[in-house]
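As provided, work.cif (mmCIF, C-alpha atoms) reads as follows.
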data_input
loop_
_atom_site.label_atom_id
_atom_site.label_comp_id
_atom_site.auth_asym_id
_atom_site.auth_seq_id
_atom_site.Cartn_x
_atom_site.Cartn_y
_atom_site.Cartn_z
CA MET A 895 10.62 59.26 11.08
CA LYS A 896 10.95 56.49 8.51
CA LYS A 897 7.42 57.28 7.32
CA GLN A 898 8.33 60.93 6.92
CA ILE A 899 11.41 60.08 4.86
CA ALA A 900 9.41 57.65 2.71
CA ILE A 901 6.72 60.28 2.12
CA LEU A 902 9.38 62.88 1.30
CA LEU A 903 11.08 60.57 -1.20
CA SER A 904 7.72 59.65 -2.78
CA ALA A 905 6.77 63.31 -3.10
CA THR A 906 10.17 64.09 -4.64
CA ALA A 907 9.79 61.25 -7.15
CA LEU A 908 6.24 62.40 -7.98
CA LEU A 909 7.33 66.01 -8.52
CA THR A 910 10.26 64.92 -10.67
CA GLY A 911 7.94 62.68 -12.69
CA LEU A 912 5.43 65.49 -13.18
CA ALA A 913 8.18 67.86 -14.26
CA ALA A 914 9.33 65.35 -16.87
CA CYS A 915 5.77 65.03 -18.22
CA SER A 916 5.21 68.75 -18.60
CA SER A 917 3.28 69.89 -21.71
CA LYS A 918 5.93 72.44 -22.57
CA PRO A 919 7.02 72.13 -26.23
CA SER A 920 10.38 70.50 -26.64
CA THR A 921 12.68 72.94 -28.40
CA ASP A 922 15.60 72.54 -25.99
CA SER A 923 18.60 70.53 -27.02
CA SER A 924 19.42 67.28 -25.25
CA ALA A 925 22.31 68.90 -23.32
CA ASP A 926 20.05 71.70 -22.04
CA LYS A 927 17.51 69.13 -20.79
CA LYS A 928 20.24 67.25 -18.93
CA THR A 929 21.49 70.46 -17.31
CA GLU A 930 17.95 71.42 -16.31
CA THR A 931 17.33 67.94 -14.88
CA VAL A 932 20.57 68.12 -12.86
CA LYS A 933 19.58 71.57 -11.52
CA LYS A 934 16.10 70.32 -10.54
CA SER A 935 17.60 67.24 -8.96
CA SER A 936 20.10 69.35 -7.02
CA LYS A 937 17.37 71.70 -5.77
CA SER A 938 15.23 68.73 -4.85
CA GLU A 939 18.08 67.19 -2.85
CA GLU A 940 18.72 70.50 -1.07
CA LYS A 941 15.04 70.76 -0.14
CA LYS A 942 15.05 67.13 0.99
CA ALA A 943 18.13 67.64 3.18
CA SER A 944 16.65 70.80 4.69
CA SER A 945 13.36 69.05 5.31
CA GLU A 946 15.08 66.03 6.87
CA ALA A 947 17.03 68.32 9.20
CA LYS A 948 13.79 69.99 10.28
CA ASP A 949 12.09 66.58 10.69
CA THR A 950 14.99 65.30 12.81
CA SER A 951 14.82 68.36 15.03
CA LYS A 952 11.06 68.01 15.39
CA THR A 953 11.38 64.30 16.07
CA SER A 954 14.04 64.69 18.75
CA SER A 955 12.03 67.37 20.55
CA SER A 956 8.87 65.27 20.24
CA ASP A 957 10.83 62.24 21.51
CA LYS A 958 11.93 64.26 24.54
CA SER A 959 8.36 65.39 25.10
CA ALA A 960 7.04 61.84 24.76
CA SER A 961 9.72 60.60 27.16
CA SER A 962 8.76 63.26 29.69
CA ASP A 963 5.05 62.46 29.27
CA ASN A 964 5.72 58.75 29.73
CA PHE A 965 7.86 59.46 32.79
CA ASP A 966 5.03 61.54 34.27
CA LEU A 967 2.60 58.69 33.59
CA MET A 968 4.98 56.29 35.31
CA ILE A 969 5.01 58.54 38.37
CA GLU A 970 1.20 58.69 38.37
CA GLY A 971 1.11 54.90 38.25
CA ALA A 972 3.54 54.67 41.15
CA GLN A 973 1.56 57.24 43.14
CA SER A 974 -1.54 55.08 42.82
CA GLN A 975 0.33 52.42 44.82
CA THR A 976 1.03 54.56 47.90
CA ASP A 977 -2.07 53.33 49.76
CA THR A 978 -0.95 49.74 49.22
CA LEU A 979 2.54 50.60 50.47
CA LYS A 980 1.10 52.26 53.58
CA LYS A 981 -0.94 49.13 54.34
CA GLN A 982 2.11 46.90 53.84
CA PHE A 983 4.18 48.90 56.31
CA GLY A 984 1.33 49.21 58.82
CA ASP A 985 1.82 51.97 61.37
CA MET A 986 5.54 52.35 60.73
CA PHE A 987 5.14 55.36 58.42
CA SER A 988 2.67 58.21 58.78
CA ASP A 989 3.12 59.21 55.15
CA ILE A 990 4.61 57.81 51.97
CA THR A 991 4.84 60.01 48.89
CA ILE A 992 6.11 59.45 45.38
CA THR A 993 7.01 62.56 43.41
CA LYS A 994 9.08 63.73 40.47
CA GLY A 995 12.50 65.12 41.31
CA ASP A 996 15.08 66.88 39.15
CA GLY A 997 15.37 65.52 35.63
CA HIS A 998 14.18 61.93 35.49
CA THR A 999 14.31 61.23 39.20
CA LEU A 1000 11.57 59.30 40.98
CA VAL A 1001 11.49 60.37 44.64
CA TYR A 1002 10.10 58.11 47.37
CA THR A 1003 9.66 59.91 50.70
CA TYR A 1004 8.91 57.86 53.81
CA THR A 1005 7.91 59.75 56.96
CA TYR A 1006 8.10 57.73 60.17
CA ALA A 1007 5.01 57.78 62.40
CA LYS A 1008 7.24 57.65 65.52
CA ASP A 1009 10.81 58.72 65.89
CA PRO A 1010 12.84 55.54 65.39
CA GLY A 1011 15.32 56.77 67.96
CA VAL A 1012 18.26 55.62 65.87
CA THR A 1013 20.34 57.08 63.12
CA VAL A 1014 20.07 55.45 59.73
CA ASP A 1015 23.31 54.26 58.13
CA ALA A 1016 22.59 55.21 54.53
CA GLU A 1017 25.69 53.44 53.19
CA ALA A 1018 24.67 50.16 54.86
CA LEU A 1019 21.06 50.51 53.71
CA LYS A 1020 21.85 51.40 50.09
CA PRO A 1021 22.73 47.87 48.80
CA THR A 1022 19.41 46.54 50.11
CA LEU A 1023 17.50 49.42 48.53
CA VAL A 1024 19.35 48.94 45.24
CA LYS A 1025 18.29 45.28 45.09
CA GLY A 1026 14.69 46.19 45.91
CA MET A 1027 14.51 49.10 43.49
CA LYS A 1028 16.34 47.45 40.55
CA PRO A 1029 13.09 46.36 38.79
CA VAL A 1030 11.63 49.84 39.18
CA LEU A 1031 14.77 51.49 37.84
CA ASN A 1032 14.95 49.07 34.91
CA THR A 1033 11.37 50.01 33.99
CA LEU A 1034 12.18 53.71 34.29
CA LYS A 1035 15.31 53.24 32.18
CA ALA A 1036 13.15 52.05 29.28
CA ILE A 1037 11.44 55.45 29.34
CA ALA A 1038 14.37 57.65 30.33
CA PRO A 1039 17.92 56.22 30.11
CA ASP A 1040 19.17 58.71 32.71
CA ALA A 1041 16.49 57.80 35.28
CA LYS A 1042 17.36 57.73 38.99
CA ILE A 1043 15.52 56.88 42.18
CA GLN A 1044 15.89 58.92 45.35
CA VAL A 1045 14.70 57.49 48.67
CA ILE A 1046 14.28 59.89 51.58
CA TYR A 1047 13.53 58.85 55.17
CA LEU A 1048 12.12 61.53 57.48
CA LYS A 1049 11.43 61.69 61.20
CA PRO A 1050 7.89 62.71 62.23
CA ASP A 1051 9.11 66.34 62.55
CA HIS A 1052 10.31 66.10 58.91
CA THR A 1053 14.01 66.19 59.72
CA GLU A 1054 15.97 63.98 57.37
CA LEU A 1055 17.29 60.62 58.55
CA ALA A 1056 18.64 59.43 55.20
CA ASN A 1057 18.70 60.50 51.58
CA ILE A 1058 19.82 57.81 49.15
CA THR A 1059 20.08 58.14 45.37
CA ILE A 1060 20.09 54.99 43.24
CA THR A 1061 21.44 55.13 39.69
CA GLN A 1062 21.71 52.63 36.87
CA GLU A 1063 25.37 52.22 37.76
CA ASP A 1064 24.35 51.08 41.26
CA THR A 1065 22.01 48.42 39.89
CA ASP A 1066 24.62 47.25 37.37
CA ASN A 1067 27.08 46.66 40.22
CA ILE A 1068 24.87 44.24 42.17
CA SER A 1069 24.80 40.53 41.52
#

As a first step, turn the structure in this file into structure tokens.
Amino acid sequence: MKKQIAILLSATALLTGLAACSSKPSTDSSADKKTETVKKSSKSEEKKASSEAKDTSKTSSSDKSASSDNFDLMIEGAQSQTDTLKKQFGDMFSDITITKGDGHTLVYTYTYAKDPGVTVDAEALKPTLVKGMKPVLNTLKAIAPDAKIQVIYLKPDHTELANITITQEDTDNIS
């Protein structure tokens, strides 16, 4: 955006300079020239302000698009690690997926290979998950400040055992 403003100011200065060097015979009085210069300057500033407003709008929408593209790339990178995760957990999980959720949410879904036969206490598990996911969330936050992580545990029949959402506030509250 700074480049765009610099280019806009340079173009304005160039156009003003060219207008001053016009080959038009000088029959106007000094006061008329000053009035004309003020009018040109005013029009130039109006155009500049209008152009800057358009540039800001384009930049913010392109920033959002770039943020979304970077978030999608981050998810692709995380997805490439699912095979490694499966190996680390051995036969505990039949499937591990990483997908994009609502907004800037990274969703980890772990499907147990065998029914664990217990209920999962999501509230007791959350502090441990927050500590483990803090580096991931900090990386996501650099791309999307409102990023969240959702961790879902499923039984083999795909019934939900736990669904935990981790936000930046959660990671800020751990020591």

The PyMOL selection byres ((chain A and resi 1034) around 10) on the file shown: which residues, as JSON, numbers by chain? {"A": [964, 965, 968, 969, 998, 999, 1000, 1028, 1029, 1030, 1031, 1032, 1033, 1035, 1036, 1037, 1038, 1039, 1040, 1041, 1042, 1043, 1062]}

Would you pick out the contacts of region 1018-1023 of chain A at 12 Å or less, using all atoms listed in the file, so that residues sharing its chain but fewer than 5 positions from it are not included, and give the list as a PDB file with C-alpha atoms, in the frame of the given file?
ATOM      1  CA  TYR A1002      10.100  58.110  47.370  1.00  0.00           C
ATOM      2  CA  THR A1013      20.340  57.080  63.120  1.00  0.00           C
ATOM      3  CA  LYS A1028      16.340  47.450  40.550  1.00  0.00           C
ATOM      4  CA  PRO A1029      13.090  46.360  38.790  1.00  0.00           C
ATOM      5  CA  VAL A1030      11.630  49.840  39.180  1.00  0.00           C
ATOM      6  CA  LEU A1031      14.770  51.490  37.840  1.00  0.00           C
ATOM      7  CA  ILE A1043      15.520  56.880  42.180  1.00  0.00           C
ATOM      8  CA  GLN A1044      15.890  58.920  45.350  1.00  0.00           C
ATOM      9  CA  VAL A1045      14.700  57.490  48.670  1.00  0.00           C
ATOM     10  CA  ILE A1046      14.280  59.890  51.580  1.00  0.00           C
ATOM     11  CA  TYR A1047      13.530  58.850  55.170  1.00  0.00           C
ATOM     12  CA  LEU A1055      17.290  60.620  58.550  1.00  0.00           C
ATOM     13  CA  ALA A1056      18.640  59.430  55.200  1.00  0.00           C
ATOM     14  CA  ASN A1057      18.700  60.500  51.580  1.00  0.00           C
ATOM     15  CA  ILE A1058      19.820  57.810  49.150  1.00  0.00           C
ATOM     16  CA  THR A1059      20.080  58.140  45.370  1.00  0.00           C
ATOM     17  CA  ILE A1060      20.090  54.990  43.240  1.00  0.00           C
ATOM     18  CA  THR A1061      21.440  55.130  39.690  1.00  0.00           C
ATOM     19  CA  ASP A1064      24.350  51.080  41.260  1.00  0.00           C
ATOM     20  CA  THR A1065      22.010  48.420  39.890  1.00  0.00           C
ATOM     21  CA  ASP A1066      24.620  47.250  37.370  1.00  0.00           C
ATOM     22  CA  ASN A1067      27.080  46.660  40.220  1.00  0.00           C
ATOM     23  CA  ILE A1068      24.870  44.240  42.170  1.00  0.00           C
ATOM     24  CA  SER A1069      24.800  40.530  41.520  1.00  0.00           C
TER      25      SER A1069
END

Report the distance between CA of Tyr1006 (chain A) and CA of Thr978 (chain A) in Å, rounded to one decimal place.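 Answer for the CA of Tyr1006 (chain A) to CA of Thr978 (chain A) separation: 16.3 Å.
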
Region 1037-1054 of chain A, all listed atoms, 6 Å padding on each side: what axis-aligned box centre and edge lengths in Å to one decimal come out, as lines of an AutoDock Vina configuration file?
center_x = 13.5
center_y = 60.9
center_z = 45.9
size_x = 23.3
size_y = 22.9
size_z = 45.2

List as an mmCIF file with C-alpha atoms, keeping the file's coordinate frame the protein and nucleic acid residues near region 970-974 of chain A, meaning an atom at most 8 Å away when only C-alpha atoms are counted, but skip any in the same chain fewer than 5 places from it.
data_model
loop_
_atom_site.group_PDB
_atom_site.id
_atom_site.type_symbol
_atom_site.label_atom_id
_atom_site.label_comp_id
_atom_site.auth_asym_id
_atom_site.auth_seq_id
_atom_site.Cartn_x
_atom_site.Cartn_y
_atom_site.Cartn_z
ATOM 1 C CA THR A 991 4.840 60.010 48.890
ATOM 2 C CA ILE A 992 6.110 59.450 45.380
ATOM 3 C CA THR A 993 7.010 62.560 43.410
#

Could you jot down the CA of Val1001 (chain A) to CA of Asp1015 (chain A) separation for me, Å, one decimal place? 18.9 Å

Between CA of Met986 (chain A) and CA of Gly1026 (chain A) lies a distance of 18.5 Å
